[in-house]
2 protein chains.
Amino acid sequence: MDLAAYLARRRELVDRALERYLPPRSEPIVEAMRYSLFAGGKRLRPILCLAGAEAVGGDPQTVMFAACALEMIHTYSLIHDDLPAMDDDDLRRGVPTNHKVYGEGMAVLAGDGLLTQAMVLLTDPAETAGHDPARVLEAAQVIMRAAGWEGMVGGQAADLEAENAAPDLARVQLIHAKKTGALITASLQAGGILGGGGREQVETLVRYGRRVGLAFQIADDMLDLSGDPRKLGKATGADQARGKMTYPAAVGVAAARETGRRLVEEAAELVRSLGPAAEPLAVLALYIMERTN
Amino acid sequence: MDLAAYLARRRELVDRALERYLPPRSEPIVEAMRYSLFAGGKRLRPILCLAGAEAVGGDPQTVMFAACALEMIHTYSLIHDDLPAMDDDDLRRGVPTNHKVYGEGMAVLAGDGLLTQAMVLLTDPAETAGHDPARVLEAAQVIMRAAGWEGMVGGQAADLEAENAAPDLARVQLIHAKKTGALITASLQAGGILGGGGREQVETLVRYGRRVGLAFQIADDMLDLSGDPRKLGKATGADQARGKMTYPAAVGVAAARETGRRLVEEAAELVRSLGPAAEPLAVLALYIMERTN
């Protein structure tokens, strides 16, 4: 299968849906929210959510609202992570970060607005009408737990505390699992739940997601260490400059690459057990580590 | 009825439930979240939610999860509003604000964590088990719309933009309606929905909530102008010093007090149409303006 074409098609579907879910408004807060939401994201989490639904036999279009909620949550986390009080980044995806354009106060609110809008979308009566309400609640619960203090928020907090601490593999893994892995896993899990998957099918997606989430972060760390800033659209070497613990810093580049490869191969094998509808997820997993070559 | 005793009893019930919903943990992010959540709030929104459920014949204990979610949302908004990039407040309820204790980055995350935890609570399978899932989704939708860019977040953004603008009554009213009124109204509406209320009963609660929400903000503005800082636990005159538009600044103190009185009298009359179970809400409305005498 042609992964690049598949990703481009799905990305366009997601972009069009996001445009429908958060159309332009005269309110400046909506402009600030849209600025980051449409700043060229890869839409990985929504694509995983749609593919998760498909892998268990569901129709991806019916879970688009959840997919877009996930992208809003991801975007909010980037806006807040970039703030001067956190990572203090000026560039993101090649353009100035939200607070550089709208000011710090508005950037905090733009993030708050996107996080809240995600929940509005997850409980939208028009979008959820075709689903069993109990499954909608279950999917929302999965996503929000992954986003909160047990997941993404907790990971970012642990990351703040860990700056300038000595690299420690267990700590790095825990931070990665919370900060990046939790929401990636939740994207697949929510897709599986809303796609009508059975308990075991959803569990397979969760196991796939854990491996892919960690591999994704390892790849990101390696790109920060050795990637091309022009291709990435942001400065590289930032983790090192801040004394951040990263996977390659903790175990070395070769071991990090080897671990990443093992994880994506396991993930591909796991998800192929769901049948041909899961093939895009298998191919996508293997691609993650290819980016770092 | 003895309003003070009623409020004290309800407040204690809410405090105990919040303690159960967000118990101490070793993670520093949870400590930062709990710091503001247990910093002595009046628990007005949860109390209104419980009373809304009661007013339509429901059992307040069964809506406690939604009541506590509302308090988490309220607390998150205070933490973010107090940030240096926003209102830059050092004191809140007589104690240092969250960022003064934990630093700005952690305060942003503590707010994010509380907002997300509210959504976790609203979709908690154990808490929502006794309810019709469709009603749970409806209540969550109402609360999140009130919290987002159409409501509280939008109001705070409009407030940021309006600093140092000439006082303008229509603008003041819109900001108040979004920033404070929306979540207060949603508290009553969600209580009514989860309490099993009919469409007209819930609509009466909404109309009550709009009036009480606006009166509450008028009273707050008047206390900022003329209240006793020791009783309020925060500095007064802050709105004036920042050139913020307030209700009394726009129309004068006497007219503001008169408007507030008219609103709470209308609210009390409206809600009494629901019968004796709504009496606490009627008494509570009338009390709002008494604080300012």
# chains A, B, ... in the order shown; residues from 1 in each chain; ligands from 1
call {"tool": "residues_around", "arguments": {"residues": "Lys100 in chain A", "least_positions_apart": "3", "cutoff": "12 Å", "atoms": "only C-alpha atoms", "output": "count of residues only"}}
result
21
call {"tool": "closest_atom_pairs", "arguments": {"of": "chain B", "to": "chain A", "cutoff": "6 Å", "atoms": "only C-alpha atoms", "output": "Markdown table"}}
result
| residue | atom | partner | partner_atom | distance |
| --- | --- | --- | --- | --- |
| B:Ala85 | CA | A:Gly105 | CA | 4.7 |
| B:Met86 | CA | A:Gly105 | CA | 5.2 |
| B:Glu104 | CA | A:Ala85 | CA | 5.7 |
| B:Gly105 | CA | A:Ala85 | CA | 4.7 |
| B:Gly113 | CA | A:Gly148 | CA | 5.3 |
| B:Thr116 | CA | A:Gly148 | CA | 5.3 |
| B:Val120 | CA | A:Met144 | CA | 5.5 |
| B:Thr123 | CA | A:Gln141 | CA | 5.4 |
| B:Pro133 | CA | A:Pro133 | CA | 5.5 |
| B:Ala134 | CA | A:Pro133 | CA | 5.7 |
| B:Leu137 | CA | A:Thr123 | CA | 5.4 |
| B:Gln141 | CA | A:Thr123 | CA | 5.4 |
| B:Met144 | CA | A:Val120 | CA | 5.5 |
| B:Gly148 | CA | A:Gly113 | CA | 5.3 |
| B:Trp149 | CA | A:Gly113 | CA | 5.4 |
call {"tool": "closest_residue", "arguments": {"among": "A:Gly94, A:Gly40, A:Gly260, A:Gly57", "to": "Arg291 in chain A", "atoms": "only C-alpha atoms"}}
result
A:Gly260
call {"tool": "residues_around", "arguments": {"residues": "Glu290 in chain B", "least_positions_apart": "5", "cutoff": "12 Å", "atoms": "only C-alpha atoms", "output": "ChimeraX atom specification"}}
result
/B:215-216,218-220,222-223,257-258,260-261,264-265,283-285
call {"tool": "closest_residue", "arguments": {"among": "A:Lys42, A:Arg10, A:Arg211, A:His176", "to": "Pro60 in chain A", "atoms": "only C-alpha atoms"}}
result
A:Arg10
call {"tool": "select_by_dssp", "arguments": {"residues": "range 136-196 of chain B", "states": "helix (DSSP H, G or I)", "output": "ChimeraX atom specification"}}
result
/B:136-147,152-162,169-194
call {"tool": "closest_residue", "arguments": {"among": "B:Tyr287, B:Asp2, B:Thr292, B:Gly197", "to": "Asp59 in chain B", "atoms": "only C-alpha atoms"}}
result
B:Gly197
call {"tool": "atom_distance", "arguments": {"atom1": "CA of Ala249 in chain A", "atom2": "CA of Leu286 in chain A"}}
result
23.0 Å
